[in-house]
file model_35.pdb (PDB, C-alpha atoms)
ATOM      1  CA  MET D  53     174.717  53.759 226.312
ATOM      2  CA  ALA D  54     173.888  50.336 227.715
ATOM      3  CA  ASN D  55     170.390  48.985 227.216
ATOM      4  CA  PRO D  56     168.407  50.718 229.968
ATOM      5  CA  THR D  57     166.076  47.802 230.508
ATOM      6  CA  ASN D  58     169.005  45.589 231.453
ATOM      7  CA  GLN D  59     170.237  47.953 234.151
ATOM      8  CA  GLY D  60     169.160  47.875 237.787
ATOM      9  CA  GLY D  61     166.253  49.971 238.926
ATOM     10  CA  SER D  62     165.522  49.449 242.588
ATOM     11  CA  SER D  63     163.864  52.407 244.305
ATOM     12  CA  ILE D  64     165.366  51.472 247.676
ATOM     13  CA  PRO D  65     168.451  53.757 247.473
ATOM     14  CA  ALA D  66     166.244  56.697 246.469
ATOM     15  CA  LEU D  67     163.806  55.952 249.297
ATOM     16  CA  LEU D  68     166.684  55.837 251.786
ATOM     17  CA  CYS D  69     167.834  59.238 250.475
ATOM     18  CA  PHE D  70     164.370  60.685 251.021
ATOM     19  CA  ALA D  71     164.244  59.179 254.525
ATOM     20  CA  THR D  72     167.629  60.788 255.285
ATOM     21  CA  LEU D  73     166.525  64.171 253.931
ATOM     22  CA  ALA D  74     163.300  64.038 255.967
ATOM     23  CA  GLY D  75     165.256  63.033 259.070
ATOM     24  CA  LEU D  76     167.663  65.950 258.508
ATOM     25  CA  ALA D  77     164.769  68.409 258.211
ATOM     26  CA  ALA D  78     163.314  67.195 261.513
ATOM     27  CA  TYR D  79     166.744  67.121 263.184
ATOM     28  CA  ARG D  80     167.158  70.861 262.643
ATOM     29  CA  ALA D  81     163.822  71.482 264.376
ATOM     30  CA  ASN D  82     164.301  69.011 267.231
ATOM     31  CA  PRO D  83     167.530  67.011 267.503
ATOM     32  CA  SER D  84     166.125  64.070 269.446
ATOM     33  CA  LEU D  85     165.673  60.522 268.264
ATOM     34  CA  LYS D  86     161.891  60.153 268.205
ATOM     35  CA  PRO D  87     160.947  63.058 265.878
ATOM     36  CA  VAL D  88     163.880  62.271 263.588
ATOM     37  CA  ALA D  89     162.881  58.590 263.355
ATOM     38  CA  VAL D  90     159.203  59.450 262.798
ATOM     39  CA  ALA D  91     160.185  61.957 260.086
ATOM     40  CA  ALA D  92     162.474  59.430 258.388
ATOM     41  CA  VAL D  93     159.754  56.768 258.290
ATOM     42  CA  GLY D  94     157.112  59.303 257.219
ATOM     43  CA  GLY D  95     159.456  60.658 254.538
ATOM     44  CA  LEU D  96     160.128  57.180 253.249
ATOM     45  CA  ALA D  97     156.398  56.402 252.974
ATOM     46  CA  ALA D  98     155.630  59.762 251.335
ATOM     47  CA  ALA D  99     158.500  59.332 248.878
ATOM     48  CA  TRP D 100     157.334  55.826 247.977
ATOM     49  CA  LEU D 101     153.874  57.203 247.188
ATOM     50  CA  CYS D 102     155.293  60.144 245.210
ATOM     51  CA  LEU D 103     157.621  57.910 243.173
ATOM     52  CA  TRP D 104     154.707  55.573 242.453
ATOM     53  CA  LEU D 105     152.538  58.489 241.301
ATOM     54  CA  PHE D 106     155.413  59.957 239.285
ATOM     55  CA  GLY D 107     155.963  56.612 237.554
ATOM     56  CA  GLY D 108     152.206  56.271 236.980
ATOM     57  CA  LEU D 109     152.020  59.707 235.372
ATOM     58  CA  LEU D 110     154.820  58.908 232.938
ATOM     59  CA  TYR D 111     153.470  55.409 232.284
ATOM     60  CA  SER D 112     150.050  56.814 231.371
ATOM     61  CA  PHE D 113     151.389  59.238 228.766
ATOM     62  CA  ASN D 114     154.080  57.026 227.180
ATOM     63  CA  GLY D 115     152.254  54.569 224.955
ATOM     64  CA  ALA D 116     155.350  53.407 223.057
ATOM     65  CA  VAL D 117     157.424  52.869 226.202
ATOM     66  CA  ARG D 118     154.457  51.157 227.899
ATOM     67  CA  GLN D 119     154.298  48.639 225.047
ATOM     68  CA  LYS D 120     158.054  48.108 225.121
ATOM     69  CA  VAL D 121     158.919  47.769 228.823
ATOM     70  CA  GLY D 122     155.592  47.832 230.696
ATOM     71  CA  TRP D 123     154.898  49.212 234.175
ATOM     72  CA  LYS D 124     157.848  47.363 235.670
ATOM     73  CA  GLY D 125     160.225  48.919 233.143
ATOM     74  CA  VAL D 126     158.931  52.427 233.823
ATOM     75  CA  ARG D 127     159.185  51.852 237.591
ATOM     76  CA  ARG D 128     162.765  50.643 237.165
ATOM     77  CA  THR D 129     163.603  53.693 235.056
ATOM     78  CA  VAL D 130     162.230  55.935 237.799
ATOM     79  CA  GLY D 131     164.131  54.068 240.524
ATOM     80  CA  ARG D 132     167.360  54.061 238.531
ATOM     81  CA  ASN D 133     167.287  57.773 237.723
ATOM     82  CA  PHE D 134     166.329  58.796 241.241
ATOM     83  CA  LEU D 135     169.754  57.445 242.215
ATOM     84  CA  LEU D 136     170.782  60.943 241.143
ATOM     85  CA  LEU D 137     169.375  62.041 244.496
ATOM     86  CA  ILE D 138     172.420  60.545 246.237
ATOM     87  CA  PRO D 139     174.802  63.505 245.648
ATOM     88  CA  TYR D 140     172.137  65.917 246.864
ATOM     89  CA  THR D 141     171.634  63.854 250.010
ATOM     90  CA  VAL D 142     175.368  63.648 250.710
ATOM     91  CA  LEU D 143     175.739  67.392 250.137
ATOM     92  CA  ALA D 144     172.743  68.089 252.394
ATOM     93  CA  ILE D 145     174.415  66.058 255.167
ATOM     94  CA  LEU D 146     177.706  67.929 254.642
ATOM     95  CA  ALA D 147     175.949  71.307 254.578
ATOM     96  CA  ASN D 148     174.066  70.399 257.734
ATOM     97  CA  THR D 149     177.016  69.096 259.702
ATOM     98  CA  LEU D 150     179.920  71.201 258.414
ATOM     99  CA  LEU D 151     178.250  74.446 257.373
ATOM    100  CA  GLY D 152     175.387  74.385 259.877
ATOM    101  CA  TRP D 153     172.708  75.006 257.260
ATOM    102  CA  ASP D 154     169.046  74.233 257.563
ATOM    103  CA  ALA D 155     168.561  73.625 253.844
ATOM    104  CA  SER D 156     167.683  69.965 253.359
ATOM    105  CA  LEU D 157     164.419  70.941 251.621
ATOM    106  CA  THR D 158     166.357  72.989 249.036
ATOM    107  CA  PHE D 159     168.668  70.050 248.343
ATOM    108  CA  ALA D 160     165.685  67.691 248.088
ATOM    109  CA  SER D 161     163.824  69.902 245.620
ATOM    110  CA  ALA D 162     166.881  70.328 243.362
ATOM    111  CA  GLY D 163     167.459  66.562 243.501
ATOM    112  CA  ILE D 164     163.840  65.758 242.647
ATOM    113  CA  MET D 165     163.814  68.082 239.623
ATOM    114  CA  THR D 166     167.164  66.768 238.341
ATOM    115  CA  SER D 167     166.176  63.127 238.792
ATOM    116  CA  GLY D 168     162.749  63.708 237.258
ATOM    117  CA  SER D 169     164.295  65.311 234.175
ATOM    118  CA  ALA D 170     166.710  62.381 233.867
ATOM    119  CA  VAL D 171     163.755  59.961 233.906
ATOM    120  CA  GLY D 172     162.151  61.935 231.051
ATOM    121  CA  ALA D 173     165.398  61.917 229.053
ATOM    122  CA  GLU D 174     165.763  58.152 229.433
ATOM    123  CA  LEU D 175     162.144  57.484 228.487
ATOM    124  CA  MET D 176     162.649  59.672 225.429
ATOM    125  CA  GLY D 177     165.668  57.548 224.536
ATOM    126  CA  MET D 178     163.450  54.463 224.864
ATOM    127  CA  GLY D 179     161.056  55.808 222.225
ATOM    128  CA  GLY D 180     158.751  57.978 224.340
ATOM    129  CA  GLY D 181     157.270  61.205 222.988
ATOM    130  CA  LYS D 182     159.501  64.281 223.176
ATOM    131  CA  LEU D 183     156.894  66.779 224.379
ATOM    132  CA  ALA D 184     155.392  64.449 226.985
ATOM    133  CA  ASN D 185     158.813  63.528 228.377
ATOM    134  CA  MET D 186     159.944  67.133 228.494
ATOM    135  CA  LEU D 187     156.837  68.505 230.177
ATOM    136  CA  LEU D 188     155.561  65.693 232.389
ATOM    137  CA  PRO D 189     158.757  65.213 234.443
ATOM    138  CA  VAL D 190     158.804  68.954 235.115
ATOM    139  CA  VAL D 191     155.110  69.033 236.084
ATOM    140  CA  GLY D 192     155.382  65.817 238.115
ATOM    141  CA  GLY D 193     158.656  66.955 239.688
ATOM    142  CA  MET D 194     157.127  70.285 240.674
ATOM    143  CA  GLY D 195     154.143  68.528 242.239
ATOM    144  CA  PHE D 196     156.489  66.160 244.050
ATOM    145  CA  THR D 197     158.653  69.092 245.241
ATOM    146  CA  MET D 198     155.676  71.130 246.432
ATOM    147  CA  PHE D 199     154.297  68.149 248.331
ATOM    148  CA  TRP D 200     157.738  67.447 249.840
ATOM    149  CA  MET D 201     158.230  71.087 250.904
ATOM    150  CA  ALA D 202     154.734  71.268 252.441
ATOM    151  CA  ALA D 203     155.162  67.927 254.219
ATOM    152  CA  GLY D 204     158.636  68.971 255.423
ATOM    153  CA  SER D 205     157.374  72.262 256.834
ATOM    154  CA  LEU D 206     154.476  70.494 258.565
ATOM    155  CA  LEU D 207     156.823  67.878 259.959
ATOM    156  CA  ARG D 208     159.159  70.505 261.391
ATOM    157  CA  ALA D 209     156.257  72.349 263.000
ATOM    158  CA  VAL D 210     155.133  69.103 264.647
ATOM    159  CA  ALA D 211     158.701  68.188 265.670
ATOM    160  CA  ARG D 212     159.101  71.525 267.475
TER     161      ARG D 212
ATOM    162  CA  MET Q 110     169.288  71.517 228.475
ATOM    163  CA  MET Q 111     166.799  70.542 231.166
ATOM    164  CA  VAL Q 112     165.930  67.209 229.584
ATOM    165  CA  SER Q 113     169.140  65.952 228.053
ATOM    166  CA  PRO Q 114     171.883  68.218 229.350
ATOM    167  CA  GLY Q 115     174.691  65.689 229.133
ATOM    168  CA  GLN Q 116     174.084  64.903 225.501
ATOM    169  CA  LEU Q 117     173.840  68.597 224.592
ATOM    170  CA  LEU Q 118     176.991  69.428 226.531
ATOM    171  CA  ALA Q 119     178.926  66.478 225.144
ATOM    172  CA  GLN Q 120     177.901  67.280 221.545
ATOM    173  CA  GLY Q 121     178.773  70.951 221.862
ATOM    174  CA  LEU Q 122     181.997  70.591 223.818
ATOM    175  CA  SER Q 123     184.253  70.153 220.802
ATOM    176  CA  ARG Q 124     183.173  73.566 219.503
ATOM    177  CA  ILE Q 125     183.699  75.403 222.780
ATOM    178  CA  SER Q 126     187.075  76.745 223.847
ATOM    179  CA  TRP Q 127     188.290  76.205 227.402
ATOM    180  CA  PRO Q 128     188.647  79.961 228.130
ATOM    181  CA  PHE Q 129     184.960  80.425 227.270
ATOM    182  CA  ALA Q 130     183.917  77.413 229.380
ATOM    183  CA  LEU Q 131     185.920  78.629 232.375
ATOM    184  CA  SER Q 132     184.590  82.161 231.935
ATOM    185  CA  VAL Q 133     181.062  80.760 232.385
ATOM    186  CA  SER Q 134     181.929  79.095 235.695
ATOM    187  CA  GLY Q 135     184.107  82.089 236.659
ATOM    188  CA  ALA Q 136     181.211  84.508 236.166
ATOM    189  CA  ALA Q 137     178.798  82.157 237.960
ATOM    190  CA  PHE Q 138     181.009  81.931 241.043
ATOM    191  CA  ALA Q 139     181.877  85.649 240.962
ATOM    192  CA  LEU Q 140     178.154  86.425 241.231
ATOM    193  CA  PHE Q 141     177.645  83.724 243.874
ATOM    194  CA  PHE Q 142     180.503  84.936 246.089
ATOM    195  CA  PHE Q 143     179.523  88.591 245.558
ATOM    196  CA  GLN Q 144     175.994  87.816 246.773
ATOM    197  CA  THR Q 145     177.405  85.996 249.782
ATOM    198  CA  GLY Q 146     179.230  89.232 250.585
ATOM    199  CA  LEU Q 147     176.095  91.308 250.016
ATOM    200  CA  ASP Q 148     174.078  89.041 252.343
ATOM    201  CA  ARG Q 149     176.713  89.447 255.020
ATOM    202  CA  SER Q 150     176.854  93.194 254.470
ATOM    203  CA  HIS Q 151     173.060  93.388 255.008
ATOM    204  CA  ALA Q 152     173.787  92.045 258.494
ATOM    205  CA  GLY Q 153     176.646  94.515 258.950
ATOM    206  CA  LEU Q 154     179.268  91.767 259.032
ATOM    207  CA  VAL Q 155     181.387  92.924 256.077
ATOM    208  CA  THR Q 156     182.060  96.159 254.179
ATOM    209  CA  THR Q 157     181.152  96.876 250.560
ATOM    210  CA  ALA Q 158     184.840  96.646 249.637
ATOM    211  CA  ARG Q 159     184.892  93.099 251.018
ATOM    212  CA  CYS Q 160     181.904  92.234 248.789
ATOM    213  CA  TRP Q 161     183.959  93.202 245.732
ATOM    214  CA  THR Q 162     187.005  91.232 246.863
ATOM    215  CA  LEU Q 163     184.725  88.265 247.507
ATOM    216  CA  GLY Q 164     183.463  88.629 243.925
ATOM    217  CA  LEU Q 165     187.051  88.531 242.683
ATOM    218  CA  GLU Q 166     187.780  85.487 244.843
ATOM    219  CA  GLY Q 167     184.669  83.892 243.318
ATOM    220  CA  ALA Q 168     185.980  84.574 239.804
ATOM    221  CA  LEU Q 169     189.283  82.948 240.766
ATOM    222  CA  TYR Q 170     187.489  80.016 242.388
ATOM    223  CA  GLY Q 171     185.233  79.600 239.339
ATOM    224  CA  THR Q 172     188.229  79.464 236.985
ATOM    225  CA  ALA Q 173     191.310  78.033 238.740
ATOM    226  CA  GLY Q 174     189.283  76.147 241.385
ATOM    227  CA  ILE Q 175     186.850  74.616 238.899
ATOM    228  CA  ALA Q 176     189.760  73.714 236.590
ATOM    229  CA  ALA Q 177     191.406  71.915 239.551
ATOM    230  CA  ILE Q 178     188.127  70.134 240.393
ATOM    231  CA  GLY Q 179     187.823  69.228 236.705
ATOM    232  CA  LEU Q 180     191.276  67.648 236.896
ATOM    233  CA  VAL Q 181     190.185  65.644 239.946
ATOM    234  CA  ALA Q 182     187.093  64.528 237.994
ATOM    235  CA  TRP Q 183     189.283  63.579 235.014
ATOM    236  CA  ALA Q 184     191.582  61.494 237.253
ATOM    237  CA  LEU Q 185     188.609  59.788 238.912
ATOM    238  CA  SER Q 186     186.877  59.235 235.559
ATOM    239  CA  LYS Q 187     189.568  56.668 234.724
ATOM    240  CA  PHE Q 188     187.946  54.388 237.305
ATOM    241  CA  ILE Q 189     184.594  54.468 235.486
ATOM    242  CA  GLY Q 190     185.997  53.917 232.015
ATOM    243  CA  GLY Q 191     186.279  57.535 230.925
ATOM    244  CA  ASP Q 192     188.725  58.088 228.067
ATOM    245  CA  GLN Q 193     188.269  61.808 227.408
ATOM    246  CA  PRO Q 194     191.281  64.144 227.688
ATOM    247  CA  PRO Q 195     191.581  66.420 230.749
ATOM    248  CA  GLY Q 196     190.639  69.554 228.765
ATOM    249  CA  TRP Q 197     187.346  67.961 227.717
ATOM    250  CA  VAL Q 198     186.429  67.077 231.308
ATOM    251  CA  ILE Q 199     187.375  70.534 232.611
ATOM    252  CA  ARG Q 200     185.221  72.190 229.933
ATOM    253  CA  ALA Q 201     182.315  69.848 230.767
ATOM    254  CA  VAL Q 202     182.534  70.612 234.496
ATOM    255  CA  ALA Q 203     182.878  74.353 233.894
ATOM    256  CA  LEU Q 204     179.930  74.522 231.482
ATOM    257  CA  SER Q 205     177.743  72.635 233.965
ATOM    258  CA  TYR Q 206     177.663  75.903 235.893
ATOM    259  CA  SER Q 207     175.669  77.648 233.134
ATOM    260  CA  SER Q 208     172.590  77.228 235.327
ATOM    261  CA  GLY Q 209     174.541  78.711 238.246
ATOM    262  CA  LEU Q 210     175.251  81.783 236.102
ATOM    263  CA  VAL Q 211     171.547  82.255 235.359
ATOM    264  CA  TYR Q 212     170.595  81.789 239.023
ATOM    265  CA  GLY Q 213     173.407  84.139 240.044
ATOM    266  CA  ALA Q 214     172.250  86.881 237.669
ATOM    267  CA  VAL Q 215     168.615  86.622 238.773
ATOM    268  CA  GLY Q 216     169.652  86.452 242.431
ATOM    269  CA  LEU Q 217     171.757  89.595 242.065
ATOM    270  CA  VAL Q 218     168.716  91.519 240.802
ATOM    271  CA  PHE Q 219     166.663  90.439 243.829
ATOM    272  CA  ASN Q 220     169.565  91.167 246.171
ATOM    273  CA  LEU Q 221     170.277  94.668 244.840
ATOM    274  CA  PHE Q 222     166.720  95.854 244.261
ATOM    275  CA  PHE Q 223     164.789  94.092 247.032
ATOM    276  CA  LYS Q 224     167.588  93.562 249.574
ATOM    277  CA  TRP Q 225     166.825  89.842 249.745
ATOM    278  CA  ASN Q 226     169.448  87.453 251.077
ATOM    279  CA  THR Q 227     170.037  85.432 247.939
ATOM    280  CA  SER Q 228     173.278  83.482 248.386
ATOM    281  CA  LEU Q 229     171.477  80.387 249.661
ATOM    282  CA  ALA Q 230     168.173  80.706 247.789
ATOM    283  CA  PHE Q 231     169.722  81.480 244.389
ATOM    284  CA  GLY Q 232     173.475  80.859 244.680
ATOM    285  CA  VAL Q 233     173.429  77.430 246.279
ATOM    286  CA  THR Q 234     170.416  76.420 244.177
ATOM    287  CA  GLY Q 235     172.399  77.279 241.031
ATOM    288  CA  VAL Q 236     175.346  75.216 242.229
ATOM    289  CA  LEU Q 237     173.007  72.308 243.013
ATOM    290  CA  TRP Q 238     171.418  72.528 239.558
ATOM    291  CA  ALA Q 239     174.893  72.181 238.056
ATOM    292  CA  LEU Q 240     175.030  68.636 239.402
ATOM    293  CA  GLY Q 241     172.368  67.548 236.888
ATOM    294  CA  PRO Q 242     174.321  68.278 233.687
ATOM    295  CA  MET Q 243     177.535  67.186 235.429
ATOM    296  CA  MET Q 244     176.068  63.766 236.223
ATOM    297  CA  ALA Q 245     174.689  63.473 232.704
ATOM    298  CA  VAL Q 246     178.143  64.163 231.212
ATOM    299  CA  PHE Q 247     179.814  61.710 233.602
ATOM    300  CA  ARG Q 248     177.156  59.153 232.674
ATOM    301  CA  GLN Q 249     178.030  59.542 229.009
ATOM    302  CA  MET Q 250     181.729  59.240 229.846
ATOM    303  CA  SER Q 251     181.079  55.972 231.678
ATOM    304  CA  LYS Q 252     178.945  54.582 228.815
ATOM    305  CA  GLY Q 253     175.687  54.882 230.726
ATOM    306  CA  LYS Q 254     176.695  53.676 234.191
ATOM    307  CA  ILE Q 255     174.783  55.691 236.781
ATOM    308  CA  ALA Q 256     176.702  54.596 239.888
ATOM    309  CA  GLY Q 257     180.044  55.922 238.670
ATOM    310  CA  SER Q 258     178.553  59.240 237.568
ATOM    311  CA  VAL Q 259     176.830  59.625 240.937
ATOM    312  CA  VAL Q 260     180.095  59.074 242.844
ATOM    313  CA  LEU Q 261     182.001  61.519 240.617
ATOM    314  CA  ALA Q 262     179.308  64.195 240.903
ATOM    315  CA  THR Q 263     179.165  63.727 244.682
ATOM    316  CA  VAL Q 264     182.934  64.257 244.981
ATOM    317  CA  CYS Q 265     182.897  67.322 242.682
ATOM    318  CA  GLY Q 266     179.794  68.785 244.351
ATOM    319  CA  ALA Q 267     181.252  68.311 247.841
ATOM    320  CA  LEU Q 268     184.544  69.944 246.824
ATOM    321  CA  VAL Q 269     182.724  72.925 245.332
ATOM    322  CA  LEU Q 270     180.367  73.360 248.288
ATOM    323  CA  LEU Q 271     183.039  73.032 250.963
ATOM    324  CA  GLY Q 272     185.397  75.273 248.988
ATOM    325  CA  TRP Q 273     182.725  77.957 248.848
ATOM    326  CA  GLY Q 274     181.943  77.457 252.547
ATOM    327  CA  ALA Q 275     185.599  77.886 253.490
ATOM    328  CA  LEU Q 276     186.375  80.834 251.192
ATOM    329  CA  ALA Q 277     183.182  82.882 251.159
ATOM    330  CA  THR Q 278     181.668  82.217 254.558
ATOM    331  CA  GLY Q 279     184.610  80.891 256.526
ATOM    332  CA  SER Q 280     182.401  78.154 257.927
ATOM    333  CA  ALA Q 281     183.651  74.859 256.429
ATOM    334  CA  GLY Q 282     185.010  72.447 258.946
ATOM    335  CA  ARG Q 283     183.127  74.230 261.694
TER     336      ARG Q 283
END

call {"tool": "encode", "arguments": {"input": "model_35.pdb", "output": "structure tokens"}}
result
Amino acid sequence: MANPTNQGGSSIPALLCFATLAGLAAYRANPSLKPVAVAAVGGLAAAWLCLWLFGGLLYSFNGAVRQKVGWKGVRRTVGRNFLLLIPYTVLAILANTLLGWDASLTFASAGIMTSGSAVGAELMGMGGGKLANMLLPVVGGMGFTMFWMAAGSLLRAVAR
Amino acid sequence: MMVSPGQLLAQGLSRISWPFALSVSGAAFALFFFQTGLDRSHAGLVTTARCWTLGLEGALYGTAGIAAIGLVAWALSKFIGGDQPPGWVIRAVALSYSSGLVYGAVGLVFNLFFKWNTSLAFGVTGVLWALGPMMAVFRQMSKGKIAGSVVLATVCGALVLLGWGALATGSAGR
């Protein structure tokens, strides 16, 4: 595998995915521009905060990785691995438009847990502790998912 | 499996035969399609006999369909530097649905004993979870490149989802 620290790690694609998923959730409740746009912007801000907290959690408990790549390196690892959210976002759009499902929150939660686990695996490969990088991404991902589901439900209630 | 699924799958693949790998995805999709039938039968839309035929269609989809999708993934993997033989890729794609099998089995219990509608909550969730190990395997095939693995997993995931939508619910392309 290529050196992870030399790879890209922007969070922007992941944030755009979250904005799309939030917009989709609102669209099912009220398919007009304003609530969808508000949800997309709100989702983007919430996702930025969650990714920051997720990165902070892993940074705090990964002494060896912290020494090696610092906060920026951990942030880039989080951003890079949350690219895994892209298939879930594309599938959520397909399910919404072609199958008529209202399931963007399900797709988002599966994507968050998968991406979170991938972050843990990469940090482990960079010298991080096994137990911390097995448990923390799951705990952080679950917190992230619960927050996203609660925020999504609230958003849809407001959009209606 | 949760933390480093690609590595585990890739290491174990040489010891796993393709009939076993395809039987995992076959069983996963048989349970998924069967539950789709059960959900529809709860609403009086299909008969019990149709649930069983849907289960059989799922088994066929999980074996022949997943093998075909594996071949598509193998062909596309050439663009991201993959050099594994087609059998290896098919086994990797099929075994990614191990999580779908677990979700399918648990969902069936809730469907039969509590009459829950489980095809979306458990079935689709299991299929979505399969994307994780699939992306990890594709990432290993492409020597660590995320972008290529994401594109491959998106194509495979879309084919699986739309195939299920068309076969089990008749709603793809609506």

call {"tool": "resolve_selection", "arguments": {"input": "model_35.pdb", "expression": "the PyMOL selection byres ((chain Q and resi 204) around 8)", "output": "list in words"}}
result
Leu118, Ala130, Leu131, Val133, Ser134, Arg200, Ala201, Val202, Ala203, Ser205, Tyr206 and Ser207 of chain Q

call {"tool": "write_last_selection", "arguments": {"input": "model_35.pdb", "atoms": "C-alpha atoms", "output": "JSON list (two decimals), keeping the file's coordinate frame"}}
result
[["chain", "number", "residue", "atom", "x", "y", "z"],
["Q", 118, "LEU", "CA", 176.99, 69.43, 226.53],
["Q", 130, "ALA", "CA", 183.92, 77.41, 229.38],
["Q", 131, "LEU", "CA", 185.92, 78.63, 232.38],
["Q", 133, "VAL", "CA", 181.06, 80.76, 232.38],
["Q", 134, "SER", "CA", 181.93, 79.10, 235.70],
["Q", 200, "ARG", "CA", 185.22, 72.19, 229.93],
["Q", 201, "ALA", "CA", 182.32, 69.85, 230.77],
["Q", 202, "VAL", "CA", 182.53, 70.61, 234.50],
["Q", 203, "ALA", "CA", 182.88, 74.35, 233.89],
["Q", 205, "SER", "CA", 177.74, 72.64, 233.96],
["Q", 206, "TYR", "CA", 177.66, 75.90, 235.89],
["Q", 207, "SER", "CA", 175.67, 77.65, 233.13]]

call {"tool": "resolve_selection", "arguments": {"input": "model_35.pdb", "expression": "the PyMOL selection byres ((chain D) within 7 of (chain Q))", "output": "count of residues only"}}
result
15

call {"tool": "residues_around", "arguments": {"input": "model_35.pdb", "residues": "Ile178 in chain Q", "least_positions_apart": "3", "cutoff": "9 Å", "atoms": "all atoms listed in the file", "output": "PDB file with C-alpha atoms, keeping the file's coordinate frame"}}
result
ATOM      1  CA  ALA Q 173     191.310  78.033 238.740  1.00  0.00           C
ATOM      2  CA  GLY Q 174     189.283  76.147 241.385  1.00  0.00           C
ATOM      3  CA  ILE Q 175     186.850  74.616 238.899  1.00  0.00           C
ATOM      4  CA  VAL Q 181     190.185  65.644 239.946  1.00  0.00           C
ATOM      5  CA  ALA Q 182     187.093  64.528 237.994  1.00  0.00           C
ATOM      6  CA  TRP Q 183     189.283  63.579 235.014  1.00  0.00           C
ATOM      7  CA  ILE Q 199     187.375  70.534 232.611  1.00  0.00           C
ATOM      8  CA  VAL Q 202     182.534  70.612 234.496  1.00  0.00           C
ATOM      9  CA  CYS Q 265     182.897  67.322 242.682  1.00  0.00           C
ATOM     10  CA  LEU Q 268     184.544  69.944 246.824  1.00  0.00           C
ATOM     11  CA  VAL Q 269     182.724  72.925 245.332  1.00  0.00           C
TER      12      VAL Q 269
END

call {"tool": "atom_distance", "arguments": {"input": "model_35.pdb", "atom1": "CA of Glu174 in chain D", "atom2": "CA of Gly122 in chain D"}}
result
14.5 Å

call {"tool": "resolve_selection", "arguments": {"input": "model_35.pdb", "expression": "the PyMOL selection byres ((chain D and resi 67) around 10)", "output": "NGL selection string"}}
result
:D and (62-66 or 68-73 or 92-93 or 95-100 or 103 or 131 or 134-135 or 137)

call {"tool": "atom_distance", "arguments": {"input": "model_35.pdb", "atom1": "CA of Ala158 in chain Q", "atom2": "CA of Leu210 in chain Q"}}
result
22.3 Å

call {"tool": "atom_distance", "arguments": {"input": "model_35.pdb", "atom1": "CA of Thr227 in chain Q", "atom2": "CA of Tyr170 in chain Q"}}
result
19.1 Å

call {"tool": "residues_around", "arguments": {"input": "model_35.pdb", "residues": "Phe138 in chain Q", "least_positions_apart": "3", "cutoff": "6 Å", "atoms": "all atoms listed in the file", "output": "ChimeraX atom specification"}}
result
/Q:135,141-142,167-168,171

call {"tool": "closest_residue", "arguments": {"input": "model_35.pdb", "among": "D:Gly181, D:Ala116, D:Thr197, D:Thr158", "to": "Gly232 in chain Q", "atoms": "all atoms listed in the file"}}
result
D:Thr158

call {"tool": "residues_around", "arguments": {"input": "model_35.pdb", "residues": "Arg159 in chain Q", "least_positions_apart": "3", "cutoff": "10 Å", "atoms": "all atoms listed in the file", "output": "list of chain:residue names"}}
result
Q:Phe143, Q:Gly146, Q:Leu147, Q:Arg149, Q:Ser150, Q:Leu154, Q:Val155, Q:Thr156, Q:Thr162, Q:Leu163, Q:Gly164, Q:Leu165

call {"tool": "residues_near_point", "arguments": {"input": "model_35.pdb", "point": "(185.9, 63.7, 223.9)", "cutoff": "8 Å", "atoms": "only C-alpha atoms", "output": "PyMOL selection string"}}
result
chain Q and resi 119+122-123+192-194+197

call {"tool": "residues_around", "arguments": {"input": "model_35.pdb", "residues": "Gly75 in chain D", "least_positions_apart": "5", "cutoff": "7 Å", "atoms": "only C-alpha atoms", "output": "list in words"}}
result
Val88, Ala89, Ala91 and Ala92 of chain D

call {"tool": "axis_aligned_box", "arguments": {"input": "model_35.pdb", "around": "range 228-231 of chain Q", "padding_each_side": "3 Å", "output": "AutoDock Vina command-line options"}}
result
--center_x 170.7 --center_y 81.9 --center_z 247.0 --size_x 11.1 --size_y 9.1 --size_z 11.3

call {"tool": "residues_around", "arguments": {"input": "model_35.pdb", "residues": "Val215 in chain Q", "least_positions_apart": "4", "cutoff": "8 Å", "atoms": "only C-alpha atoms", "output": "VMD selection string"}}
result
chain Q and resid 211 219 231

call {"tool": "closest_residue", "arguments": {"input": "model_35.pdb", "among": "D:Pro87, D:Gly204, D:Gly168, D:Gly177", "to": "Ala155 in chain D", "atoms": "all atoms listed in the file"}}
result
D:Gly204

call {"tool": "closest_residue", "arguments": {"input": "model_35.pdb", "among": "D:Leu188, D:Leu76, D:Leu105, D:Met194", "to": "Gly163 in chain D", "atoms": "all atoms listed in the file"}}
result
D:Met194

call {"tool": "closest_residue", "arguments": {"input": "model_35.pdb", "among": "D:Ala184, D:Val90, D:Val171, D:Val190", "to": "Gly107 in chain D", "atoms": "all atoms listed in the file"}}
result
D:Val171

call {"tool": "closest_residue", "arguments": {"input": "model_35.pdb", "among": "D:Asp154, D:Leu146, D:Phe196, D:Val191", "to": "Tyr79 in chain D", "atoms": "only C-alpha atoms"}}
result
D:Asp154
